[in-house]
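Read through the structure below, which is laid out as C-alpha cells, and then see the notes.
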Amino acid sequence: MATDFWESSHYKRWLVDHATLRQARTEDLNYVENPEHIEFLSIYFANAIAKLGKKLGFRQRVIATATVFFRRFYLKNSYCETDPFIVIAACCYVAAKAEESPVHIKNVISDARSVFSHDYYGVKYFPTDNTKLAEMEFYLVDDLECDLTIYHPYRSLLALCTKESAAQLEHIEPEAGELGAGIGADDGTRYWGTGEGRLQLAEGALQTAWLIINDTYRSELCLLYPPHLIAVAAIYLTLVFHGPTRTALEQQLNREEPPPMRRSTRHPAPQDPVAFLSSLNVSLPTVATIAQEILALYRLWNRYKEDVHADAASVYSSQNYDTNAADAITPTQLSQVLLRMRELRGADISHPASGRPVAINKMLERTQAAG
C-alpha cells in the first residue's frame with residue numbers, strides 16, 4: 001500500500017480529464033433521450049450507495065470509498081450493459097474490506113434487497129445467492145486493477161484546519177505526501193502546505209466544509225482532481241456558505257486599518273482566511289474551477305427531488321436556487337430511464353442492425369443475468 005499520495009495508484013492511474021469521462025458515457029448516451037439524465041444518474045447512484053452504507057452502519061469514509069470504486073468501475077463499463085445495483089452492493093462489500101470495516105456477505109445482500117426493493121428503484125429481483133455477489137466482487141476488483149487504496153479530502157481538511165476550541169486536533173499527523181509529510185518546499189507542487197500552522201475555523205464552519213466534501217461524491221470530482229485541492233475548494237466555499245464565518249470575514253476585510261498586533265500568545269491576532277488560502281502552494285485557478293463545479297452540482301441537485309441522506313444534504317439544501325417544478329427529476333423517473341436504457345441495449349445486442357453479433361463483456365454476462 002502506497003503511503004505517499006504522489007507515488008500512489010490514485011495519483012498515477014485514477015485521475016482523469018473531462019474528455020475521458022465523456023468517452024466513458026458514450027455508449028449510455030446512445031440510449032437516453034435527454035443527455036442531462038446521465039448527470040442526474042450520478043446523484044441517483046451516489047444516494048443509493050449512501051443509503052446502503054447507512055443501512056450497513058458504515059462510517060462516512062467507507063461510503064466515500066465505495067462511491068469512488070463505483071465511479072472507477074464505470075470508467076470502463078456502461079450503465080446500460082451492467083446491473084448497477086449489484087455493482088453498488090459489491091462496491092460496498094469491497095470498500096468495507098479496504099477500510100478495515102468488513103461486513104458479512106449475507107448482511108450486504110440482505111440489506112441491499114431491503115434498500116433496493118423500494119418502489120422508486122424498481123429492483124424486483126435482487127439476487128439472494130451469495131455467489132452472485134462474490135462473483136461480482138471478482139469482476140469489480142479486476143476492473144479496479146486491485147488499486148484499493150483511496151485518498152480522501154477529509155484528512156487534508158483536518159491537516160489544513162482546526163476548530164477554534166479543539167486542542168485535541170492539534171496533533172493530527174498529516175497524511176504522507178498530501179500536506180508534505182517528509183516533503184519540503186523545494187519539492188514544488190508535491191508540497192502544498194504553508195508551513196505556518198493551520199487555519200482556525202468555528203466548529204460550525206469546519207462541519208460545513210466536511211459536508212461540502214460529502215456532497216462532492218455526488219459528482220465525478222473524485223476522478224478529476226487530487227483530494228487536497230477538493231479540500232481547499234471546500235474551505236473556500238465554507239467562507240461563503242457559513243453565515244457567521246462570512247460575516248466575520250466581511251467585517252475583517254472592511255476595516256480601514258489592520259488590528260494592532262497582540263503580544264500575548266494566549267490571545268493571538270485573528271487569522272486572515274483569505275491570506276491563508278492564497279499562501280498555499282496550489283493552483284488557485286484550479287481551486288476556483290473546482291468551486292464552480294461544486295456550485296454547478298448544487299444547481300443540478302436542487303432539481304433532484306428526493307429526501308436524500310441527511311448528512312449529505314445539509315449544505316446544498318440550505319442554498320436557495322430558483323427552479324421550475326416542471327424541471328424536477330425524481331428517482332422514479334431515473335429508474336425508468338435506466339430500465340429503458342438496458343432494454344434498448346439488450347434489444348441491440350439481440351438484433352443488431354448490421355446482422356452481426358455485438359461484442360459484450362463476457363466477464364459480466366453471468367452477473368447481469370442476476371439482475
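Please note that chains go A, B, ... in the order of the C-alpha cells, that every chain numbers its residues from 1, and that ligands are numbered from 1 in the order shown.
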
Met136 of chain A: which residues within 9 Å, counting only C-alpha atoms, same-chain residues fewer than 2 positions away excluded, as JSON, numbers by chain?
{"A": [86, 87, 89, 90, 131, 132, 133, 134, 138, 139, 140, 141, 364, 367]}

Print the selection's residues with C-alpha atoms to a file, as a PDB file, in the first residue's frame.
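Just written: result-v2.pdb:
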```pdb
ATOM      1  CA  ILE A  86     -25.339  -5.365  -7.803  1.00  0.00           C
ATOM      2  CA  VAL A  87     -22.266  -3.279  -8.647  1.00  0.00           C
ATOM      3  CA  ALA A  89     -23.529  -3.873  -3.397  1.00  0.00           C
ATOM      4  CA  ALA A  90     -20.128  -5.181  -4.500  1.00  0.00           C
ATOM      5  CA  THR A 131     -22.049 -16.489  -5.050  1.00  0.00           C
ATOM      6  CA  LYS A 132     -23.527 -13.794  -7.325  1.00  0.00           C
ATOM      7  CA  LEU A 133     -22.137 -11.011  -5.166  1.00  0.00           C
ATOM      8  CA  ALA A 134     -18.847 -12.869  -4.693  1.00  0.00           C
ATOM      9  CA  PHE A 138     -14.110 -10.594  -8.530  1.00  0.00           C
ATOM     10  CA  TYR A 139     -15.079  -8.596 -11.647  1.00  0.00           C
ATOM     11  CA  LEU A 140     -15.012  -5.323  -9.708  1.00  0.00           C
ATOM     12  CA  VAL A 141     -11.549  -5.853  -8.239  1.00  0.00           C
ATOM     13  CA  LEU A 364     -20.109  -9.586 -16.662  1.00  0.00           C
ATOM     14  CA  THR A 367     -23.686 -11.372 -13.272  1.00  0.00           C
TER      15      THR A 367
END
```

List every residue of segment 2-86 of chain A that has an atom at most 10 Å from any atom of segment 285-300 of chain A, giving for each one its closest atom pair and the distance in Å to one decimal, counting only C-alpha atoms, sorted by chain and then by ascending residue number, as CSV.
```
residue,atom,partner,partner_atom,distance
A:Glu36,CA,A:Leu300,CA,9.5
A:Glu39,CA,A:Leu300,CA,8.3
A:Phe40,CA,A:Leu300,CA,7.6
A:Ile43,CA,A:Leu297,CA,9.0
```

Next, dump the selected residues to file, keeping only all heavy atoms, as a tab-separated table (two decimals), in the first residue's frame.
```
chain	number	residue	atom	x	y	z
A	36	GLU	N	-28.95	15.04	-20.18
A	36	GLU	CA	-28.86	15.53	-18.80
A	36	GLU	C	-29.19	14.43	-17.79
A	36	GLU	O	-28.77	14.49	-16.63
A	36	GLU	CB	-29.82	16.71	-18.62
A	36	GLU	CG	-29.54	17.53	-17.37
A	36	GLU	CD	-30.43	18.75	-17.28
A	36	GLU	OE1	-31.65	18.62	-17.53
A	36	GLU	OE2	-29.92	19.84	-16.97
A	39	GLU	N	-26.22	12.94	-16.07
A	39	GLU	CA	-25.70	13.70	-14.95
A	39	GLU	C	-26.52	13.44	-13.69
A	39	GLU	O	-25.98	13.33	-12.59
A	39	GLU	CB	-25.71	15.19	-15.28
A	39	GLU	CG	-24.83	15.57	-16.46
A	39	GLU	CD	-24.87	17.06	-16.74
A	39	GLU	OE1	-24.94	17.84	-15.77
A	39	GLU	OE2	-24.85	17.45	-17.91
A	40	PHE	N	-27.84	13.33	-13.84
A	40	PHE	CA	-28.68	13.04	-12.69
A	40	PHE	C	-28.43	11.64	-12.15
A	40	PHE	O	-28.56	11.39	-10.95
A	40	PHE	CB	-30.16	13.20	-13.05
A	40	PHE	CG	-30.64	14.62	-13.05
A	40	PHE	CD1	-30.92	15.28	-14.23
A	40	PHE	CD2	-30.80	15.31	-11.86
A	40	PHE	CE1	-31.36	16.60	-14.23
A	40	PHE	CE2	-31.25	16.62	-11.85
A	40	PHE	CZ	-31.53	17.28	-13.04
A	43	ILE	N	-25.96	11.50	-9.31
A	43	ILE	CA	-26.51	11.77	-7.98
A	43	ILE	C	-27.34	10.59	-7.49
A	43	ILE	O	-27.26	10.18	-6.33
A	43	ILE	CB	-27.38	13.04	-8.02
A	43	ILE	CG1	-26.55	14.25	-8.45
A	43	ILE	CG2	-28.05	13.29	-6.67
A	43	ILE	CD1	-27.35	15.53	-8.65
```

Would you mind writing down, as an MDAnalysis selection string, each residue of segment 16-57 of chain A that DSSP on the backbone assigns to helix (DSSP H, G or I)?
chainID A and resid 18:24 26:29 36:55

Which residues come within 9 Å of Tyr304 of chain A, counting only C-alpha atoms, excluding same-chain residues fewer than 2 positions away, as a ChimeraX atom specification?
/A:40,43-44,300-302,306,328-331

Atomic distance atom CA of Tyr79 of chain A - atom CA of Phe58 of chain A, expressed in Å with one decimal
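That distance, rounded to one decimal, is 25.1 Å.
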
Residues at most 12 Å from segment 21-29 of chain A, counting only C-alpha atoms, excluding those fewer than 5 positions away in the same chain, as a PDB file with N, CA, C and O atoms, in the first residue's frame?
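Writing done, so here's selection.pdb:
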```
ATOM      1  N   TRP A  14      -5.581   7.004 -11.614  1.00  0.00           N
ATOM      2  CA  TRP A  14      -7.031   7.182 -11.478  1.00  0.00           C
ATOM      3  C   TRP A  14      -7.476   8.636 -11.416  1.00  0.00           C
ATOM      4  O   TRP A  14      -8.587   8.916 -10.973  1.00  0.00           O
ATOM      5  N   LEU A  15      -6.629   9.554 -11.874  1.00  0.00           N
ATOM      6  CA  LEU A  15      -7.057  10.934 -12.074  1.00  0.00           C
ATOM      7  C   LEU A  15      -7.159  11.163 -13.578  1.00  0.00           C
ATOM      8  O   LEU A  15      -6.157  11.048 -14.287  1.00  0.00           O
ATOM      9  N   VAL A  16      -8.342  11.447 -14.052  1.00  0.00           N
ATOM     10  CA  VAL A  16      -8.592  11.542 -15.488  1.00  0.00           C
ATOM     11  C   VAL A  16      -9.080  12.952 -15.820  1.00  0.00           C
ATOM     12  O   VAL A  16      -9.249  13.798 -14.942  1.00  0.00           O
ATOM     13  N   ASN A  34     -32.602  12.415 -23.188  1.00  0.00           N
ATOM     14  CA  ASN A  34     -32.063  13.660 -22.653  1.00  0.00           C
ATOM     15  C   ASN A  34     -30.697  13.394 -22.019  1.00  0.00           C
ATOM     16  O   ASN A  34     -30.609  12.716 -20.994  1.00  0.00           O
ATOM     17  N   PRO A  35     -29.614  13.903 -22.611  1.00  0.00           N
ATOM     18  CA  PRO A  35     -28.276  13.645 -22.060  1.00  0.00           C
ATOM     19  C   PRO A  35     -28.117  14.101 -20.615  1.00  0.00           C
ATOM     20  O   PRO A  35     -27.260  13.587 -19.888  1.00  0.00           O
ATOM     21  N   GLU A  36     -28.951  15.039 -20.176  1.00  0.00           N
ATOM     22  CA  GLU A  36     -28.865  15.526 -18.797  1.00  0.00           C
ATOM     23  C   GLU A  36     -29.190  14.429 -17.787  1.00  0.00           C
ATOM     24  O   GLU A  36     -28.768  14.493 -16.634  1.00  0.00           O
ATOM     25  N   HIS A  37     -29.951  13.421 -18.234  1.00  0.00           N
ATOM     26  CA  HIS A  37     -30.291  12.322 -17.329  1.00  0.00           C
ATOM     27  C   HIS A  37     -29.041  11.577 -16.856  1.00  0.00           C
ATOM     28  O   HIS A  37     -29.023  11.032 -15.747  1.00  0.00           O
ATOM     29  N   ILE A  38     -28.014  11.547 -17.687  1.00  0.00           N
ATOM     30  CA  ILE A  38     -26.768  10.886 -17.285  1.00  0.00           C
ATOM     31  C   ILE A  38     -26.155  11.607 -16.093  1.00  0.00           C
ATOM     32  O   ILE A  38     -25.618  10.971 -15.167  1.00  0.00           O
ATOM     33  N   GLU A  39     -26.224  12.940 -16.074  1.00  0.00           N
ATOM     34  CA  GLU A  39     -25.702  13.701 -14.947  1.00  0.00           C
ATOM     35  C   GLU A  39     -26.520  13.436 -13.689  1.00  0.00           C
ATOM     36  O   GLU A  39     -25.977  13.331 -12.586  1.00  0.00           O
ATOM     37  N   LEU A  41     -28.088  10.698 -13.033  1.00  0.00           N
ATOM     38  CA  LEU A  41     -27.797   9.342 -12.571  1.00  0.00           C
ATOM     39  C   LEU A  41     -26.591   9.320 -11.630  1.00  0.00           C
ATOM     40  O   LEU A  41     -26.500   8.456 -10.752  1.00  0.00           O
ATOM     41  N   SER A  42     -25.682  10.265 -11.813  1.00  0.00           N
ATOM     42  CA  SER A  42     -24.527  10.343 -10.923  1.00  0.00           C
ATOM     43  C   SER A  42     -24.972  10.602  -9.487  1.00  0.00           C
ATOM     44  O   SER A  42     -24.462  10.002  -8.529  1.00  0.00           O
ATOM     45  N   ARG A  71     -17.400   4.833  -9.232  1.00  0.00           N
ATOM     46  CA  ARG A  71     -17.018   5.752 -10.312  1.00  0.00           C
ATOM     47  C   ARG A  71     -15.922   5.137 -11.191  1.00  0.00           C
ATOM     48  O   ARG A  71     -15.959   5.243 -12.410  1.00  0.00           O
ATOM     49  N   ARG A  72     -14.945   4.531 -10.542  1.00  0.00           N
ATOM     50  CA  ARG A  72     -13.841   3.945 -11.314  1.00  0.00           C
ATOM     51  C   ARG A  72     -14.318   2.782 -12.175  1.00  0.00           C
ATOM     52  O   ARG A  72     -13.882   2.629 -13.319  1.00  0.00           O
ATOM     53  N   PHE A  73     -15.199   1.965 -11.638  1.00  0.00           N
ATOM     54  CA  PHE A  73     -15.716   0.833 -12.391  1.00  0.00           C
ATOM     55  C   PHE A  73     -16.407   1.304 -13.665  1.00  0.00           C
ATOM     56  O   PHE A  73     -16.244   0.716 -14.743  1.00  0.00           O
ATOM     57  N   TYR A  74     -17.172   2.395 -13.541  1.00  0.00           N
ATOM     58  CA  TYR A  74     -17.920   2.873 -14.703  1.00  0.00           C
ATOM     59  C   TYR A  74     -17.109   3.801 -15.602  1.00  0.00           C
ATOM     60  O   TYR A  74     -17.658   4.367 -16.549  1.00  0.00           O
ATOM     61  N   LEU A  75     -15.826   3.933 -15.331  1.00  0.00           N
ATOM     62  CA  LEU A  75     -14.938   4.490 -16.344  1.00  0.00           C
ATOM     63  C   LEU A  75     -14.693   3.475 -17.449  1.00  0.00           C
ATOM     64  O   LEU A  75     -14.356   3.844 -18.581  1.00  0.00           O
ATOM     65  N   LYS A  76     -14.865   2.186 -17.116  1.00  0.00           N
ATOM     66  CA  LYS A  76     -14.583   1.113 -18.073  1.00  0.00           C
ATOM     67  C   LYS A  76     -15.837   0.375 -18.522  1.00  0.00           C
ATOM     68  O   LYS A  76     -15.750  -0.491 -19.393  1.00  0.00           O
ATOM     69  N   ASN A  77     -16.977   0.681 -17.931  1.00  0.00           N
ATOM     70  CA  ASN A  77     -18.218  -0.021 -18.241  1.00  0.00           C
ATOM     71  C   ASN A  77     -19.350   0.976 -18.440  1.00  0.00           C
ATOM     72  O   ASN A  77     -19.216   2.159 -18.120  1.00  0.00           O
ATOM     73  N   SER A  78     -20.465   0.491 -18.963  1.00  0.00           N
ATOM     74  CA  SER A  78     -21.622   1.335 -19.225  1.00  0.00           C
ATOM     75  C   SER A  78     -22.778   0.927 -18.313  1.00  0.00           C
ATOM     76  O   SER A  78     -22.931  -0.246 -17.976  1.00  0.00           O
ATOM     77  N   TYR A  79     -23.603   1.900 -17.953  1.00  0.00           N
ATOM     78  CA  TYR A  79     -24.789   1.601 -17.146  1.00  0.00           C
ATOM     79  C   TYR A  79     -25.721   0.645 -17.880  1.00  0.00           C
ATOM     80  O   TYR A  79     -26.336  -0.235 -17.271  1.00  0.00           O
ATOM     81  N   CYS A  80     -25.824   0.837 -19.190  1.00  0.00           N
ATOM     82  CA  CYS A  80     -26.791   0.061 -19.963  1.00  0.00           C
ATOM     83  C   CYS A  80     -26.358  -1.379 -20.179  1.00  0.00           C
ATOM     84  O   CYS A  80     -27.165  -2.219 -20.604  1.00  0.00           O
ATOM     85  N   GLU A  81     -25.100  -1.701 -19.917  1.00  0.00           N
ATOM     86  CA  GLU A  81     -24.601  -3.056 -20.149  1.00  0.00           C
ATOM     87  C   GLU A  81     -24.434  -3.855 -18.859  1.00  0.00           C
ATOM     88  O   GLU A  81     -24.049  -5.030 -18.912  1.00  0.00           O
ATOM     89  N   THR A  82     -24.697  -3.249 -17.735  1.00  0.00           N
ATOM     90  CA  THR A  82     -24.494  -3.916 -16.452  1.00  0.00           C
ATOM     91  C   THR A  82     -25.702  -3.675 -15.546  1.00  0.00           C
ATOM     92  O   THR A  82     -26.600  -2.901 -15.877  1.00  0.00           O
ATOM     93  N   SER A 219     -20.807  13.873  -7.534  1.00  0.00           N
ATOM     94  CA  SER A 219     -20.300  14.251  -8.853  1.00  0.00           C
ATOM     95  C   SER A 219     -19.071  13.397  -9.168  1.00  0.00           C
ATOM     96  O   SER A 219     -18.735  12.485  -8.425  1.00  0.00           O
ATOM     97  N   GLU A 220     -18.402  13.740 -10.259  1.00  0.00           N
ATOM     98  CA  GLU A 220     -17.216  12.991 -10.679  1.00  0.00           C
ATOM     99  C   GLU A 220     -15.919  13.664 -10.220  1.00  0.00           C
ATOM    100  O   GLU A 220     -14.844  13.331 -10.722  1.00  0.00           O
ATOM    101  N   LEU A 221     -16.002  14.600  -9.289  1.00  0.00           N
ATOM    102  CA  LEU A 221     -14.817  15.353  -8.877  1.00  0.00           C
ATOM    103  C   LEU A 221     -13.714  14.452  -8.332  1.00  0.00           C
ATOM    104  O   LEU A 221     -12.532  14.757  -8.485  1.00  0.00           O
ATOM    105  N   CYS A 222     -14.101  13.346  -7.687  1.00  0.00           N
ATOM    106  CA  CYS A 222     -13.094  12.445  -7.116  1.00  0.00           C
ATOM    107  C   CYS A 222     -12.232  11.790  -8.187  1.00  0.00           C
ATOM    108  O   CYS A 222     -11.160  11.258  -7.876  1.00  0.00           O
ATOM    109  N   LEU A 223     -12.703  11.807  -9.440  1.00  0.00           N
ATOM    110  CA  LEU A 223     -11.924  11.247 -10.548  1.00  0.00           C
ATOM    111  C   LEU A 223     -11.109  12.308 -11.281  1.00  0.00           C
ATOM    112  O   LEU A 223     -10.250  11.978 -12.094  1.00  0.00           O
ATOM    113  N   LEU A 224     -11.388  13.579 -10.994  1.00  0.00           N
ATOM    114  CA  LEU A 224     -10.806  14.665 -11.777  1.00  0.00           C
ATOM    115  C   LEU A 224      -9.675  15.399 -11.062  1.00  0.00           C
ATOM    116  O   LEU A 224      -8.748  15.888 -11.721  1.00  0.00           O
ATOM    117  N   VAL A 337     -35.688   5.528 -16.690  1.00  0.00           N
ATOM    118  CA  VAL A 337     -34.681   5.830 -17.712  1.00  0.00           C
ATOM    119  C   VAL A 337     -33.638   4.720 -17.758  1.00  0.00           C
ATOM    120  O   VAL A 337     -33.261   4.237 -18.841  1.00  0.00           O
ATOM    121  N   LEU A 338     -33.168   4.294 -16.589  1.00  0.00           N
ATOM    122  CA  LEU A 338     -32.160   3.245 -16.526  1.00  0.00           C
ATOM    123  C   LEU A 338     -32.695   1.933 -17.086  1.00  0.00           C
ATOM    124  O   LEU A 338     -31.997   1.242 -17.850  1.00  0.00           O
ATOM    125  N   LEU A 339     -33.923   1.570 -16.724  1.00  0.00           N
ATOM    126  CA  LEU A 339     -34.524   0.341 -17.232  1.00  0.00           C
ATOM    127  C   LEU A 339     -34.671   0.398 -18.749  1.00  0.00           C
ATOM    128  O   LEU A 339     -34.384  -0.592 -19.449  1.00  0.00           O
ATOM    129  N   ARG A 340     -35.088   1.553 -19.254  1.00  0.00           N
ATOM    130  CA  ARG A 340     -35.244   1.714 -20.699  1.00  0.00           C
ATOM    131  C   ARG A 340     -33.906   1.606 -21.420  1.00  0.00           C
ATOM    132  O   ARG A 340     -33.813   0.974 -22.478  1.00  0.00           O
ATOM    133  N   MET A 341     -32.869   2.167 -20.835  1.00  0.00           N
ATOM    134  CA  MET A 341     -31.530   2.071 -21.419  1.00  0.00           C
ATOM    135  C   MET A 341     -31.095   0.618 -21.544  1.00  0.00           C
ATOM    136  O   MET A 341     -30.575   0.189 -22.593  1.00  0.00           O
ATOM    137  N   ARG A 342     -31.309  -0.159 -20.489  1.00  0.00           N
ATOM    138  CA  ARG A 342     -30.883  -1.559 -20.504  1.00  0.00           C
ATOM    139  C   ARG A 342     -31.720  -2.379 -21.488  1.00  0.00           C
ATOM    140  O   ARG A 342     -31.209  -3.293 -22.143  1.00  0.00           O
ATOM    141  N   GLU A 343     -33.013  -2.050 -21.597  1.00  0.00           N
ATOM    142  CA  GLU A 343     -33.868  -2.752 -22.547  1.00  0.00           C
ATOM    143  C   GLU A 343     -33.441  -2.471 -23.992  1.00  0.00           C
ATOM    144  O   GLU A 343     -33.362  -3.390 -24.816  1.00  0.00           O
ATOM    145  N   LEU A 344     -33.165  -1.212 -24.282  1.00  0.00           N
ATOM    146  CA  LEU A 344     -32.741  -0.852 -25.643  1.00  0.00           C
ATOM    147  C   LEU A 344     -31.393  -1.471 -25.973  1.00  0.00           C
ATOM    148  O   LEU A 344     -31.183  -1.945 -27.099  1.00  0.00           O
ATOM    149  N   ARG A 345     -30.487  -1.475 -25.002  1.00  0.00           N
ATOM    150  CA  ARG A 345     -29.183  -2.086 -25.242  1.00  0.00           C
ATOM    151  C   ARG A 345     -29.326  -3.590 -25.458  1.00  0.00           C
ATOM    152  O   ARG A 345     -28.687  -4.161 -26.342  1.00  0.00           O
ATOM    153  N   ASP A 348     -30.541  -4.215 -28.943  1.00  0.00           N
ATOM    154  CA  ASP A 348     -29.483  -4.045 -29.938  1.00  0.00           C
ATOM    155  C   ASP A 348     -28.544  -5.240 -29.979  1.00  0.00           C
ATOM    156  O   ASP A 348     -28.044  -5.631 -31.040  1.00  0.00           O
TER     157      ASP A 348
END
```

Residues at most 6 Å from Ala95 of chain A, counting only C-alpha atoms, excluding those fewer than 6 positions away in the same chain, as a ChimeraX atom specification?
/A:62,65-66

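Nearest to Tyr154 of chain A of all the residues A:Val274, A:Leu334, A:Val32, A:Leu211 is A:Leu211, based on only C-alpha atoms.
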